[in-house]
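> Next up, my_file.cif (mmCIF, C-alpha atoms).
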data_target
#
loop_
_atom_site.label_atom_id
_atom_site.label_comp_id
_atom_site.auth_asym_id
_atom_site.auth_seq_id
_atom_site.Cartn_x
_atom_site.Cartn_y
_atom_site.Cartn_z
CA MET U 145 12.06 -25.65 -44.97
CA ASN U 146 9.96 -22.70 -46.02
CA PRO U 147 6.57 -22.80 -44.25
CA ALA U 148 3.76 -20.62 -45.42
CA PRO U 149 3.13 -17.43 -43.43
CA ASP U 150 1.13 -18.09 -40.30
CA THR U 151 -2.51 -17.33 -40.56
CA THR U 152 -3.63 -18.75 -37.21
CA THR U 153 -3.71 -15.76 -34.96
CA PRO U 154 -6.09 -16.64 -32.17
CA ALA U 155 -4.99 -15.78 -28.64
CA GLY U 156 -1.25 -16.16 -28.78
CA GLY U 157 -0.79 -15.06 -32.38
CA GLY U 158 2.51 -13.54 -33.33
CA GLY U 159 1.57 -10.14 -34.72
CA ASN U 160 4.25 -7.95 -33.09
CA PHE U 161 6.36 -10.61 -31.50
CA ASP U 162 9.89 -9.24 -31.42
CA PRO U 163 12.96 -11.43 -30.86
CA GLN U 164 13.58 -10.03 -27.38
CA GLN U 165 10.08 -10.96 -26.29
CA ALA U 166 10.54 -14.37 -27.91
CA ALA U 167 13.80 -14.97 -26.02
CA ALA U 168 12.19 -13.95 -22.73
CA LEU U 169 9.16 -16.18 -23.36
CA LEU U 170 11.37 -19.11 -24.37
CA ASP U 171 13.46 -18.82 -21.20
CA GLN U 172 10.43 -18.35 -18.98
CA THR U 173 8.50 -21.26 -20.50
CA THR U 174 11.49 -23.60 -20.46
CA GLN U 175 12.26 -22.88 -16.82
CA GLN U 176 8.61 -23.18 -15.81
CA ALA U 177 8.19 -26.50 -17.65
CA ARG U 178 11.40 -27.92 -16.17
CA ARG U 179 10.25 -26.85 -12.70
CA LYS U 180 6.77 -28.30 -13.03
CA LEU U 181 7.89 -31.53 -14.69
CA ALA U 182 10.81 -32.19 -12.33
CA PRO U 183 10.25 -35.52 -10.54
CA SER U 184 12.69 -34.44 -7.81
CA PRO U 185 12.60 -30.66 -7.39
CA PRO U 186 15.63 -28.96 -5.81
CA TRP U 187 13.69 -27.68 -2.80
CA LEU U 188 12.60 -31.22 -1.90
CA LEU U 189 16.11 -32.63 -2.36
CA ALA U 190 17.59 -29.85 -0.22
CA ALA U 191 14.92 -30.27 2.48
CA ARG U 192 15.57 -34.02 2.55
CA GLY U 193 19.30 -33.37 2.79
CA VAL U 194 18.94 -31.03 5.76
CA ALA U 195 16.39 -33.33 7.48
CA VAL U 196 18.52 -36.45 7.10
CA LEU U 197 21.52 -34.60 8.52
CA ALA U 198 19.44 -33.38 11.48
CA VAL U 199 17.94 -36.81 12.25
CA LEU U 200 21.07 -38.91 11.79
CA GLY U 201 23.21 -36.21 13.42
CA ALA U 202 20.94 -36.24 16.48
CA ILE U 203 21.30 -40.01 16.72
CA TRP U 204 25.08 -39.71 16.39
CA LEU U 205 25.07 -37.22 19.29
CA THR U 206 23.26 -39.73 21.50
CA VAL U 207 25.41 -42.76 20.58
CA ARG U 208 28.88 -41.22 20.33
CA GLY U 209 29.42 -41.34 24.12
CA GLN U 210 28.31 -44.95 24.51
CA HIS U 211 30.99 -47.32 25.81
CA PRO U 212 30.26 -50.02 24.91
CA TYR U 213 28.11 -49.13 21.92
CA LYS U 214 24.42 -49.97 22.47
CA GLY U 215 22.80 -48.23 19.51
CA PRO U 216 20.12 -45.55 19.27
CA THR U 217 17.92 -45.02 22.32
CA GLY U 218 14.21 -45.84 22.38
CA ALA U 219 13.41 -42.16 21.84
CA ASP U 220 15.49 -41.99 18.66
CA LEU U 221 13.85 -44.86 16.84
CA PRO U 222 10.31 -43.39 16.45
CA ILE U 223 11.87 -40.20 15.07
CA LEU U 224 13.95 -42.21 12.61
CA VAL U 225 10.94 -44.28 11.50
CA ALA U 226 8.76 -41.15 11.19
CA PHE U 227 11.48 -39.50 9.09
CA VAL U 228 11.77 -42.50 6.75
CA ILE U 229 7.97 -42.61 6.26
CA LEU U 230 7.70 -38.83 5.75
CA ASN U 231 10.64 -38.81 3.36
CA PHE U 232 9.19 -41.66 1.30
CA THR U 233 5.68 -40.16 1.23
CA ALA U 234 6.89 -36.68 0.23
CA THR U 235 9.14 -38.08 -2.50
CA VAL U 236 6.43 -40.31 -3.99
CA THR U 237 3.72 -37.61 -3.76
CA VAL U 238 5.81 -34.91 -5.44
CA ARG U 239 7.04 -37.33 -8.13
CA LYS U 240 3.49 -38.52 -8.84
CA HIS U 241 2.23 -34.94 -9.18
CA ALA U 242 5.09 -33.94 -11.50
CA MET U 243 4.67 -37.04 -13.66
CA THR U 244 0.94 -36.60 -14.22
CA GLY U 245 0.31 -37.00 -17.95
CA VAL U 246 3.95 -37.87 -18.69
CA ARG U 247 4.76 -41.16 -20.36
CA GLY U 248 8.04 -42.63 -21.52
CA LYS U 249 11.60 -42.75 -20.32
CA THR U 250 11.11 -40.47 -17.31
CA ARG U 251 8.79 -42.99 -15.69
CA PHE U 252 10.31 -46.09 -14.17
CA ARG U 253 9.49 -49.34 -15.96
CA PRO U 254 8.06 -52.22 -13.88
CA ALA U 255 11.37 -54.12 -14.19
CA GLU U 256 13.26 -51.12 -12.81
CA ILE U 257 10.82 -50.73 -9.93
CA THR U 258 11.23 -54.44 -9.17
CA ILE U 259 15.03 -54.13 -9.12
CA LEU U 260 14.92 -51.09 -6.83
CA ALA U 261 12.36 -52.67 -4.47
CA ALA U 262 14.34 -55.92 -4.38
CA SER U 263 17.53 -54.01 -3.58
CA TRP U 264 15.87 -52.65 -0.44
CA ALA U 265 14.21 -55.95 0.44
CA ILE U 266 17.51 -57.82 0.29
CA VAL U 267 19.27 -55.40 2.70
CA PRO U 268 18.29 -57.23 5.95
CA VAL U 269 19.38 -60.54 4.39
CA ILE U 270 22.76 -59.09 3.41
CA MET U 271 23.20 -57.52 6.86
CA TRP U 272 22.33 -60.80 8.54
CA ALA U 273 24.75 -62.68 6.27
CA LEU U 274 27.52 -60.18 7.05
CA ALA U 275 26.83 -60.53 10.79
CA THR U 276 26.95 -64.31 10.49
CA ALA U 277 30.27 -64.00 8.68
CA GLY U 278 31.59 -61.90 11.56
CA ALA U 279 31.75 -58.52 9.76
CA SER U 280 31.91 -55.78 12.40
CA PHE U 281 30.06 -53.31 10.18
CA ALA U 282 27.12 -55.65 9.47
CA TRP U 283 24.56 -53.60 11.42
CA TYR U 284 25.97 -50.12 10.74
CA PRO U 285 23.39 -47.72 9.26
CA THR U 286 25.72 -47.04 6.35
CA THR U 287 25.71 -50.71 5.32
CA ILE U 288 22.05 -50.25 4.35
CA LEU U 289 23.10 -47.85 1.57
CA ILE U 290 25.47 -50.12 -0.37
CA ILE U 291 23.11 -52.45 -2.28
CA PRO U 292 20.33 -49.87 -3.01
CA GLY U 293 23.05 -47.39 -4.06
CA LEU U 294 24.56 -49.86 -6.50
CA ALA U 295 21.09 -50.85 -7.78
CA TRP U 296 20.22 -47.18 -8.36
CA ALA U 297 23.52 -46.67 -10.19
CA ALA U 298 22.85 -49.74 -12.36
CA VAL U 299 19.28 -48.70 -13.22
CA GLN U 300 20.35 -45.13 -14.03
CA GLY U 301 23.35 -46.37 -15.99
CA ALA U 302 21.12 -48.61 -18.10
CA ARG U 303 18.98 -45.59 -19.02
CA GLU U 304 22.10 -43.43 -19.56
CA GLY U 305 21.23 -41.17 -16.63
CA TRP U 306 24.81 -40.40 -15.70
CA ARG U 307 23.92 -37.97 -12.94
CA GLY U 308 21.73 -40.66 -11.35
CA THR U 309 24.53 -43.18 -11.74
CA ALA U 310 26.87 -40.83 -9.88
CA VAL U 311 24.28 -40.43 -7.11
CA GLY U 312 23.99 -44.21 -6.74
CA LEU U 313 27.76 -44.65 -6.64
CA MET U 314 28.08 -41.86 -4.06
CA LEU U 315 25.48 -43.61 -1.89
CA ALA U 316 27.37 -46.90 -2.16
CA ALA U 317 30.64 -45.08 -1.40
CA THR U 318 29.05 -43.57 1.72
CA GLY U 319 28.06 -47.09 2.72
CA VAL U 320 31.61 -48.36 2.29
CA ALA U 321 33.13 -45.34 4.09
CA GLY U 322 30.84 -45.95 7.05
CA ALA U 323 32.31 -49.42 7.51
CA PHE U 324 35.57 -47.78 8.60
CA ALA U 325 33.96 -45.24 10.94
CA GLY U 326 32.95 -47.52 13.79
CA PRO U 327 29.40 -48.14 15.04
CA ALA U 328 28.83 -44.62 16.40
CA GLY U 329 30.78 -42.83 13.70
CA SER U 330 28.81 -44.58 10.96
CA TRP U 331 25.73 -42.54 11.97
CA ALA U 332 27.68 -39.34 11.33
CA VAL U 333 29.03 -40.70 8.03
CA ALA U 334 25.49 -41.70 6.97
CA GLY U 335 24.11 -38.25 7.85
CA LEU U 336 26.92 -36.30 6.20
CA GLY U 337 27.09 -38.60 3.15
CA LEU U 338 23.36 -38.57 2.46
CA CYS U 339 23.16 -34.82 3.07
CA ALA U 340 26.06 -34.18 0.67
CA VAL U 341 24.54 -36.41 -2.02
CA LEU U 342 21.11 -34.78 -1.75
CA LEU U 343 22.48 -31.22 -1.70
CA ALA U 344 24.71 -31.96 -4.70
CA GLN U 345 21.72 -33.39 -6.54
CA ALA U 346 19.61 -30.32 -5.59
CA ALA U 347 22.32 -27.99 -6.90
CA ALA U 348 22.62 -29.94 -10.17
CA VAL U 349 18.86 -29.93 -10.76
CA ALA U 350 18.56 -26.23 -9.88
CA ARG U 351 21.43 -25.40 -12.22
CA ARG U 352 19.76 -27.26 -15.06
CA GLN U 353 16.39 -25.63 -14.36
CA HIS U 354 17.88 -22.14 -14.43
CA HIS U 355 19.96 -22.71 -17.52
CA THR U 356 18.44 -20.41 -20.11
CA PRO U 357 18.16 -21.67 -23.69
CA ALA U 358 18.17 -18.28 -25.44
CA MET L 241 20.01 -11.32 -39.68
CA ASN L 242 16.40 -10.25 -39.28
CA ASP L 243 13.11 -11.57 -37.90
CA GLY L 244 12.44 -13.20 -41.24
CA GLU L 245 15.06 -15.84 -40.47
CA LEU L 246 13.23 -16.98 -37.36
CA ASP L 247 11.16 -20.07 -38.13
CA PRO L 248 7.67 -18.57 -38.57
CA LEU L 249 6.07 -21.78 -37.38
CA ILE L 250 7.69 -21.45 -33.97
CA HIS L 251 7.83 -17.66 -33.84
CA VAL L 252 4.30 -17.38 -32.47
CA PRO L 253 3.95 -17.03 -28.67
CA THR L 254 1.59 -19.96 -28.19
CA ARG L 255 3.52 -22.35 -30.41
CA LEU L 256 6.81 -21.27 -28.87
CA LYS L 257 5.33 -22.16 -25.47
CA ILE L 258 4.17 -25.54 -26.78
CA VAL L 259 7.50 -26.59 -28.26
CA ALA L 260 9.49 -25.20 -25.31
CA THR L 261 7.29 -27.12 -22.87
CA LEU L 262 7.56 -30.37 -24.83
CA ALA L 263 11.34 -29.86 -25.16
CA ALA L 264 11.62 -29.87 -21.37
CA LEU L 265 10.85 -33.59 -21.46
CA PRO L 266 13.56 -36.12 -22.35
CA ASP L 267 13.65 -37.30 -25.95
CA GLY L 268 10.84 -39.78 -26.62
CA ASP L 269 8.67 -38.85 -23.64
CA THR L 270 5.08 -37.87 -24.29
CA LEU L 271 2.74 -35.48 -22.50
CA SER L 272 -1.01 -35.80 -22.26
CA PHE L 273 -3.10 -33.16 -23.99
CA THR L 274 -4.75 -32.17 -20.69
CA ARG L 275 -1.42 -31.75 -18.86
CA LEU L 276 -0.04 -29.68 -21.73
CA GLN L 277 -3.17 -27.56 -21.67
CA ASP L 278 -2.77 -27.13 -17.92
CA LEU L 279 0.90 -26.14 -18.24
CA ILE L 280 0.31 -23.63 -21.01
CA GLY L 281 -3.08 -22.33 -19.93
CA LEU L 282 -4.96 -22.50 -23.22
CA THR L 283 -8.48 -23.49 -24.15
CA PRO L 284 -8.70 -26.94 -25.78
CA GLY L 285 -9.85 -25.48 -29.11
CA ASN L 286 -7.00 -23.01 -29.26
CA LEU L 287 -4.45 -25.65 -28.33
CA ILE L 288 -5.74 -28.02 -31.00
CA ILE L 289 -5.34 -25.37 -33.72
CA HIS L 290 -1.69 -24.81 -32.84
CA LEU L 291 -0.92 -28.49 -32.32
CA ARG L 292 -2.35 -29.26 -35.75
CA LYS L 293 -0.05 -26.67 -37.37
CA LEU L 294 2.98 -28.13 -35.60
CA GLU L 295 1.97 -31.67 -36.46
CA GLU L 296 1.57 -30.78 -40.14
CA ALA L 297 5.19 -29.63 -40.12
CA ASP L 298 6.23 -32.83 -38.32
CA TYR L 299 7.44 -30.80 -35.32
CA ILE L 300 5.26 -32.81 -32.97
CA SER L 301 3.55 -36.18 -33.07
CA SER L 302 0.30 -37.06 -31.39
CA GLU L 303 -1.30 -40.35 -30.51
CA LYS L 304 -4.82 -41.11 -29.40
CA THR L 305 -5.27 -44.14 -27.16
CA ARG L 306 -8.51 -45.60 -25.92
CA ASN L 307 -8.96 -47.45 -22.66
CA GLY L 308 -12.59 -48.59 -22.48
CA THR L 309 -14.69 -45.45 -22.67
CA VAL L 310 -11.81 -43.14 -21.80
CA SER L 311 -9.66 -41.80 -24.60
CA MET L 312 -6.39 -39.96 -24.12
CA THR L 313 -4.33 -37.92 -26.52
CA THR L 314 -0.61 -37.65 -25.98
CA VAL L 315 1.79 -35.34 -27.78
CA ALA L 316 5.57 -35.36 -28.14
CA LEU L 317 8.22 -33.27 -29.79
CA THR L 318 9.73 -35.12 -32.75
CA GLY L 319 13.45 -35.18 -33.54
CA HIS L 320 12.69 -32.78 -36.37
CA GLY L 321 10.83 -30.48 -33.96
CA ARG L 322 13.71 -30.55 -31.46
CA LYS L 323 16.17 -29.62 -34.21
CA ALA L 324 13.86 -26.82 -35.36
CA LEU L 325 13.69 -25.44 -31.80
CA ASP L 326 17.49 -25.65 -31.49
CA ALA L 327 17.86 -23.78 -34.78
CA TYR L 328 15.28 -21.20 -33.67
CA THR L 329 17.11 -20.72 -30.36
CA GLN L 330 20.42 -20.29 -32.16
CA ALA L 331 18.85 -17.80 -34.57
CA LEU L 332 17.49 -15.83 -31.59
CA ARG L 333 20.92 -15.84 -29.95
CA ASP L 334 22.58 -14.62 -33.14
CA LEU L 335 19.93 -11.98 -33.62
CA LEU L 336 20.09 -10.64 -30.07
CA GLY L 337 23.86 -10.93 -29.88
CA GLY L 338 24.09 -8.78 -32.96
CA LEU L 339 22.00 -5.95 -31.49
#
Mind turning the file's structure into structure tokens?

Amino acid sequence: MNPAPDTTTPAGGGGNFDPQQAAALLDQTTQQARRKLAPSPPWLLAARGVAVLAVLGAIWLTVRGQHPYKGPTGADLPILVAFVILNFTATVTVRKHAMTGVRGKTRFRPAEITILAASWAIVPVIMWALATAGASFAWYPTTILIIPGLAWAAVQGAREGWRGTAVGLMLAATGVAGAFAGPAGSWAVAGLGLCAVLLAQAAAVARRQHHTPA
Amino acid sequence: MNDGELDPLIHVPTRLKIVATLAALPDGDTLSFTRLQDLIGLTPGNLIIHLRKLEEADYISSEKTRNGTVSMTTVALTGHGRKALDAYTQALRDLLGGL
């Protein structure tokens, strides 16, 4: 390739553009674009991780002394519901803003959205079936994570998003681990597991965003 | 190695910003003209001039779609463009490493 010398020198022309300036501009632009186009920015993932640990940890503190186990108190449930709504709203809003004008692989296809929505919708059915079958862990909070975690791993695996696949498998693993922690302990496992997954994801995204090309 | 070995098509601040921004998207993803303009902070006329140069070299591809009265232009980095940016980045590394 031997392009003709550049004659377009409007604002942004390359008159005295030395390699050092070019390297700095390349790094700066790449990092800025990755930050602005990130559907799940590190700060949001980290904030969600800390919040989920705080909310589920607080519930664990209230249920760990229960003998027999009765579940979260009436005061805990509105906080949990508010957290779920806030978490969902923040995630969708930030993703929508980042994805403005972007088309292609980054966006979920309708079939993928259907699979992910169905994986959440089927959770109560699975929990009820497990309870009917006599599984002690049927109504543990961690049980909720297994099917959506596997669905996320499958969707990400199909699009060769290996980091996303790992996240989904870690969520499912948290769900399985919770089954062995008892009814009260499963709240702690859910909080710690989700927090660890979200913080690991935040660290991975931040690392990628700060990786300099030049 | 000298500056002459840096791809002159990319070695222009505005075009470097364009290709670097488009390279931040996964392979095959497209970005709307208006979002690209917003990310880079250029006037439409200026952006068009540079996009045309890059498209002539097959570094980017653009597509105009029409939905009723609204038309939208999307741009994407081609495989050729991605390779050119990789080569440019490597050339920069070699050049700066040799200083």
> As a list in words, please: the residues near range 313-319 of chain U (cut-off 6 Å, all atoms listed in the file, same-chain neighbours under 2 positions excluded).
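After dropping sequence-adjacent residues, the list is Thr286, Thr287, Leu289, Ile290, Gly293, Leu294, Ala297, Ala310, Val311, Ala321, Gly322 and Gly337 of chain U.
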> So, with all atoms listed in the file as the atoms that count, which of L:Leu287, L:Val310, L:Ala324, L:Leu332 lies closest to chain U?
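Of all the options, L:Leu332 lies closest to chain U.
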> Compile the contact shell of Ala316 in chain L as a PyMOL selection string: residues with an atom at most 12 Å away, counting all atoms listed in the file, same-chain residues fewer than 4 positions apart removed.
(chain U and resi 245-248) or (chain L and resi 258-273+276+291+294-295+298-304+320-322)
> Name the residues that the PyMOL selection byres ((chain U and resi 355) around 12) picks from the file above, as a PyMOL selection string, using the file's chain letters and numbers.
(chain U and resi 170-176+178-179+348-354+356-358) or (chain L and resi 264)
> Separation of CA of Gly215 in chain U and CA of Ala262 in chain U, in Å?
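CA of Gly215 in chain U sits 26.5 Å away from CA of Ala262 in chain U.
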> Given the file shown, determine the residues that the PyMOL selection byres ((chain U and resi 184-201) around 8) selects; report them as a ChimeraX atom specification.
/U:179,182-183,202-205,223-224,227,231,235,238-239,331-332,334-336,338-343,345-347,349-350
> Calculated over only C-alpha atoms, which of the candidates U:Thr237, U:Gln165, U:Ser263, U:Thr206 has the smallest distance to chain L?
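That would be U:Gln165, the residue with the smallest distance to chain L.
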> Could you jot down the CA of Gln300 in chain U to CA of Ala255 in chain U separation for me, Å, one decimal place?
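Between CA of Gln300 in chain U and CA of Ala255 in chain U the gap works out to 12.7 Å.
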> Which residues, protein or nucleic acid, reach to within 6 Å of (4.0, -24.4, -36.6) in the file's coordinates when using all atoms listed in the file, and can you give that as a ChimeraX atom specification?
/L:249-250,293-294
> Between CA of Pro268 in chain U and CA of Ala282 in chain U, what distance in Å does the model show, to one decimal?
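Computing it gives 9.6 Å between the two atoms.
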> Of the candidates L:Leu256, L:Val315, L:Leu246, L:Leu279, which one gets nearest to Leu169 in chain U if we count all atoms listed in the file?
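So, comparing all the options, the nearest one is L:Leu256.
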> Between U:Ala168, U:Tyr213, U:Leu221, U:Phe161, single out the one closest to Gly329 in chain U, counting all atoms listed in the file.
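For Gly329 in chain U, the nearest of the candidates is U:Tyr213.
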> Let me make sure I understand: among L:Arg292, L:Arg333, L:Arg275, L:Arg255, which one has the smallest atom-to-atom distance to Thr314 in chain L if we use only C-alpha atoms?
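Closest to Thr314 in chain L of all the choices is L:Arg275.
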> Identify which of the residues L:Met312, L:Val252, L:Leu335, L:Leu317 lies closest to chain U, counting only C-alpha atoms when measuring atom-to-atom distances.
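Of L:Met312, L:Val252, L:Leu335, L:Leu317, the one nearest chain U is L:Val252, counting only C-alpha atoms.
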